[in-house]
file coords.cif (mmCIF, C-alpha atoms)
data_structure
loop_
_atom_site.label_atom_id
_atom_site.label_comp_id
_atom_site.auth_asym_id
_atom_site.auth_seq_id
_atom_site.Cartn_x
_atom_site.Cartn_y
_atom_site.Cartn_z
CA MET A 1 3.68 26.61 43.48
CA LYS A 2 3.44 27.29 39.76
CA LEU A 3 6.35 25.51 38.08
CA ALA A 4 7.53 25.33 34.47
CA ILE A 5 10.35 22.93 33.60
CA LEU A 6 12.15 23.95 30.43
CA ASP A 7 14.59 22.06 28.26
CA ARG A 8 17.70 24.06 27.38
CA ASP A 9 19.04 23.25 23.90
CA GLY A 10 16.58 24.25 21.20
CA THR A 11 14.27 25.90 23.74
CA LEU A 12 16.40 28.51 25.53
CA ASN A 13 19.24 28.58 23.02
CA PRO A 14 19.41 27.76 19.32
CA GLN A 15 19.94 24.08 18.56
CA GLY A 16 23.30 23.55 16.90
CA GLU A 17 24.77 20.49 15.29
CA ASP A 18 27.56 20.37 17.88
CA TYR A 19 27.54 20.46 21.65
CA ILE A 20 27.88 23.80 23.37
CA THR A 21 31.18 23.32 25.20
CA THR A 22 32.06 26.84 26.40
CA ALA A 23 30.21 29.87 27.73
CA ASP A 24 31.31 31.82 24.65
CA GLU A 25 29.33 29.38 22.46
CA TRP A 26 26.07 29.86 24.38
CA SER A 27 23.56 32.46 23.25
CA ALA A 28 19.88 32.82 24.00
CA ALA A 29 17.17 32.16 21.43
CA PRO A 30 15.35 35.35 20.43
CA GLY A 31 12.74 36.24 23.06
CA ALA A 32 13.48 33.24 25.31
CA LEU A 33 14.91 35.17 28.25
CA GLU A 34 12.16 37.77 28.11
CA ALA A 35 9.59 34.94 28.11
CA ILE A 36 11.10 33.62 31.34
CA ALA A 37 10.91 37.09 32.88
CA ARG A 38 7.23 37.35 31.89
CA LEU A 39 6.53 34.01 33.54
CA ASN A 40 8.40 35.03 36.70
CA HIS A 41 6.51 38.31 36.95
CA ALA A 42 3.26 36.33 36.82
CA GLY A 43 4.37 34.14 39.74
CA TRP A 44 5.86 31.20 37.86
CA HIS A 45 9.02 29.42 38.94
CA VAL A 46 11.23 28.24 36.09
CA VAL A 47 13.66 25.32 36.30
CA VAL A 48 15.82 23.98 33.48
CA ALA A 49 16.21 20.22 32.93
CA THR A 50 18.79 19.30 30.33
CA ASN A 51 20.56 16.22 29.02
CA GLN A 52 24.29 16.98 28.79
CA PRO A 53 25.86 13.84 27.30
CA GLY A 54 28.93 15.84 26.33
CA LEU A 55 29.99 15.49 29.98
CA GLY A 56 29.75 11.72 29.83
CA ARG A 57 31.62 11.69 26.53
CA GLY A 58 34.40 13.91 27.89
CA LEU A 59 33.76 16.78 25.47
CA PHE A 60 33.65 19.32 28.32
CA ASP A 61 33.84 19.26 32.10
CA VAL A 62 31.55 20.39 34.92
CA MET A 63 33.42 23.70 35.24
CA ALA A 64 32.67 24.50 31.59
CA LEU A 65 29.00 23.52 32.05
CA ASN A 66 28.76 25.70 35.16
CA ALA A 67 30.25 28.63 33.21
CA ILE A 68 27.65 28.13 30.44
CA HIS A 69 24.82 28.09 32.97
CA ALA A 70 26.24 31.08 34.87
CA LYS A 71 26.17 33.09 31.62
CA MET A 72 22.58 31.97 30.99
CA LEU A 73 21.53 32.97 34.53
CA ARG A 74 23.24 36.38 34.24
CA GLN A 75 21.54 37.08 30.93
CA VAL A 76 18.07 36.15 32.17
CA ALA A 77 18.63 38.30 35.28
CA ALA A 78 19.64 41.22 33.04
CA VAL A 79 16.13 41.21 31.51
CA GLY A 80 14.40 40.91 34.90
CA GLY A 81 13.94 37.14 35.02
CA ARG A 82 15.11 34.22 37.13
CA ILE A 83 15.82 30.56 36.60
CA ASP A 84 15.46 28.90 40.00
CA ALA A 85 17.72 25.95 39.26
CA VAL A 86 19.39 23.95 36.51
CA PHE A 87 19.21 20.17 36.72
CA TYR A 88 21.24 18.13 34.25
CA CYS A 89 21.90 14.55 33.30
CA PRO A 90 25.64 14.08 32.71
CA HIS A 91 25.33 10.63 31.16
CA ALA A 92 25.94 9.57 27.58
CA ALA A 93 23.07 7.82 25.79
CA ASP A 94 24.59 4.35 26.27
CA GLU A 95 25.00 4.67 30.07
CA ASP A 96 21.46 3.46 30.92
CA CYS A 97 20.62 5.93 33.68
CA ALA A 98 17.25 6.93 35.14
CA CYS A 99 17.82 10.67 34.73
CA ARG A 100 18.44 10.96 30.98
CA LYS A 101 15.32 12.11 29.17
CA PRO A 102 13.08 10.49 27.91
CA ALA A 103 13.27 8.84 31.35
CA ALA A 104 11.47 10.93 33.96
CA GLY A 105 14.11 10.76 36.72
CA LEU A 106 15.44 14.30 36.28
CA LEU A 107 11.92 15.76 36.27
CA GLU A 108 10.97 13.67 39.31
CA GLN A 109 13.97 15.11 41.18
CA ILE A 110 12.74 18.62 40.39
CA CYS A 111 9.18 17.89 41.56
CA ASP A 112 10.50 16.32 44.76
CA ARG A 113 12.81 19.27 45.44
CA TYR A 114 10.01 21.81 44.99
CA GLY A 115 7.19 19.74 46.50
CA VAL A 116 4.86 20.16 43.54
CA GLU A 117 2.14 17.91 42.23
CA ARG A 118 3.38 16.35 39.01
CA HIS A 119 0.11 16.87 37.11
CA GLU A 120 0.31 20.63 37.75
CA VAL A 121 3.82 21.05 36.27
CA GLN A 122 4.23 22.57 32.81
CA VAL A 123 6.96 20.75 30.85
CA VAL A 124 8.29 22.66 27.86
CA GLY A 125 10.73 21.51 25.21
CA SER A 126 11.59 21.39 21.55
CA CYS A 127 12.10 17.63 21.24
CA ALA A 128 10.10 14.48 21.77
CA ALA A 129 12.43 13.10 24.48
CA HIS A 130 11.75 16.03 26.83
CA LEU A 131 8.01 15.72 26.36
CA GLN A 132 8.10 11.93 26.73
CA ALA A 133 9.76 12.46 30.11
CA GLY A 134 7.01 14.94 30.97
CA ALA A 135 4.35 12.45 29.93
CA ALA A 136 5.91 9.76 32.15
CA LEU A 137 5.73 12.30 34.97
CA GLY A 138 2.06 13.07 34.28
CA ALA A 139 2.79 16.74 33.59
CA GLN A 140 1.16 19.16 31.16
CA LEU A 141 3.12 19.11 27.90
CA HIS A 142 4.15 21.99 25.66
CA LEU A 143 6.19 21.75 22.48
CA VAL A 144 7.94 24.85 21.22
CA CYS A 145 8.44 24.63 17.46
CA THR A 146 12.07 25.70 17.65
CA GLY A 147 15.33 23.77 17.68
CA ALA A 148 14.75 20.14 16.71
CA SER A 149 11.07 20.90 16.05
CA ALA A 150 11.52 24.04 13.95
CA HIS A 151 10.01 22.18 10.99
CA LEU A 152 6.73 21.65 12.87
CA ALA A 153 3.89 24.15 13.03
CA PRO A 154 1.47 24.89 15.86
CA GLY A 155 -1.97 23.58 14.97
CA ALA A 156 -0.64 20.90 12.62
CA PRO A 157 -0.73 17.25 13.66
CA LEU A 158 2.37 16.20 15.58
CA PRO A 159 4.43 13.13 14.65
CA GLY A 160 3.71 9.94 16.60
CA GLU A 161 6.71 10.22 18.93
CA PHE A 162 5.07 13.18 20.67
CA PRO A 163 2.81 12.18 23.57
CA PRO A 164 -0.95 12.69 23.24
CA GLY A 165 -2.13 15.98 24.68
CA THR A 166 1.01 17.90 23.72
CA ARG A 167 0.20 21.53 22.90
CA ALA A 168 2.39 23.17 20.25
CA HIS A 169 3.56 26.79 20.36
CA ALA A 170 5.66 28.74 17.85
CA SER A 171 8.21 29.79 20.49
CA LEU A 172 8.87 30.02 24.20
CA ASP A 173 7.40 33.51 24.10
CA ASP A 174 4.20 32.12 22.56
CA PHE A 175 4.08 29.44 25.27
CA ALA A 176 4.41 32.15 27.94
CA GLY A 177 1.61 34.13 26.36
CA HIS A 178 -0.62 31.03 26.30
CA LEU A 179 0.11 30.20 29.92
CA LEU A 180 -0.48 33.74 31.12
CA LEU A 181 -3.85 33.95 29.34
CA ASN A 182 -5.13 30.69 30.84
#
call {"tool": "encode", "arguments": {"input": "coords.cif", "output": "structure tokens"}}
result
Amino acid sequence: MKLAILDRDGTLNPQGEDYITTADEWSAAPGALEAIARLNHAGWHVVVATNQPGLGRGLFDVMALNAIHAKMLRQVAAVGGRIDAVFYCPHAADEDCACRKPAAGLLEQICDRYGVERHEVQVVGSCAAHLQAGAALGAQLHLVCTGASAHLAPGAPLPGEFPPGTRAHASLDDFAGHLLLN
């Protein structure tokens, strides 16, 4: 199975300063949903793995998070794509869990659920924590220079917090193009 695990905030939607707490606040990053559809049409399965500490901090509840993700799933379906599942860590940063990225627990759950070899998984995100989790998993790492990494440029050296071997792409659409050519 060909599997890409994507971060949500900054990768699929613009990175804001505040938490997205309602479905009305969620909007897709330009080209992100179409990139997922392109991957799907080429046989790739896409799963989202996202830290959602706003749950642990009481800023929104699971019903609100489900409404956000339902909107995201409807919008990707409207452009001919599919997200197979959304996995999330509900814990705040100070809760010391095994699923909050940069820990690899959430990504391990995904690999176990889908029965994939960890080294074959493509992990895509816009922040170091997501890629550190991917590195701990042994996955192939892809930075999209959006969201928290919008100040970075593909081809330029990455800061030290990014794991060795991370490939940088201008956007999720550029990542999809790279993956589909290789």
call {"tool": "resolve_selection", "arguments": {"input": "coords.cif", "expression": "the PyMOL selection byres ((chain A and resi 1-14) around 9)", "output": "MDAnalysis selection string"}}
result
chainID A and resid 15:16 20 26:33 39 43:51 72 107 110:111 114:117 120:127 130 144:150 171:172
call {"tool": "closest_residue", "arguments": {"input": "coords.cif", "among": "A:Asp173, A:Pro154, A:Leu180, A:Leu106", "to": "His41 of chain A", "atoms": "all atoms listed in the file"}}
result
A:Leu180
call {"tool": "atom_distance", "arguments": {"input": "coords.cif", "atom1": "atom CA of Gly105 of chain A", "atom2": "atom CA of Tyr88 of chain A"}}
result
10.5 Å
call {"tool": "atom_distance", "arguments": {"input": "coords.cif", "atom1": "atom CA of Glu25 of chain A", "atom2": "atom CA of Leu143 of chain A"}}
result
24.4 Å
call {"tool": "closest_residue", "arguments": {"input": "coords.cif", "among": "A:Ala128, A:Val76, A:Ile68, A:Ala133", "to": "Ala98 of chain A", "atoms": "only C-alpha atoms"}}
result
A:Ala133
call {"tool": "residues_around", "arguments": {"input": "coords.cif", "residues": "Ala135 of chain A", "least_positions_apart": "5", "cutoff": "10 Å", "atoms": "all atoms listed in the file", "output": "number ranges by chain"}}
result
A: 102-104, 118-119, 123, 129-130, 140-141, 162-166
call {"tool": "closest_residue", "arguments": {"input": "coords.cif", "among": "A:Arg167, A:Gln75, A:Gly54, A:Ile83", "to": "Ala139 of chain A", "atoms": "all atoms listed in the file"}}
result
A:Arg167
call {"tool": "closest_residue", "arguments": {"input": "coords.cif", "among": "A:Thr21, A:Asn40, A:Gln132, A:Asn182", "to": "Gly58 of chain A", "atoms": "only C-alpha atoms"}}
result
A:Thr21
call {"tool": "residues_around", "arguments": {"input": "coords.cif", "residues": "Ala176 of chain A", "least_positions_apart": "5", "cutoff": "8 Å", "atoms": "only C-alpha atoms", "output": "number ranges by chain"}}
result
A: 35-36, 38-39
call {"tool": "closest_residue", "arguments": {"input": "coords.cif", "among": "A:Asp94, A:Asp84, A:Asp112, A:Asp174", "to": "Pro53 of chain A", "atoms": "only C-alpha atoms"}}
result
A:Asp94
call {"tool": "atom_distance", "arguments": {"input": "coords.cif", "atom1": "atom CA of Arg82 of chain A", "atom2": "atom CA of His151 of chain A"}}
result
29.2 Å
call {"tool": "residues_around", "arguments": {"input": "coords.cif", "residues": "Met63 of chain A", "least_positions_apart": "4", "cutoff": "12 Å", "atoms": "all atoms listed in the file", "output": "ChimeraX atom specification"}}
result
/A:21-23,55,59,67-70
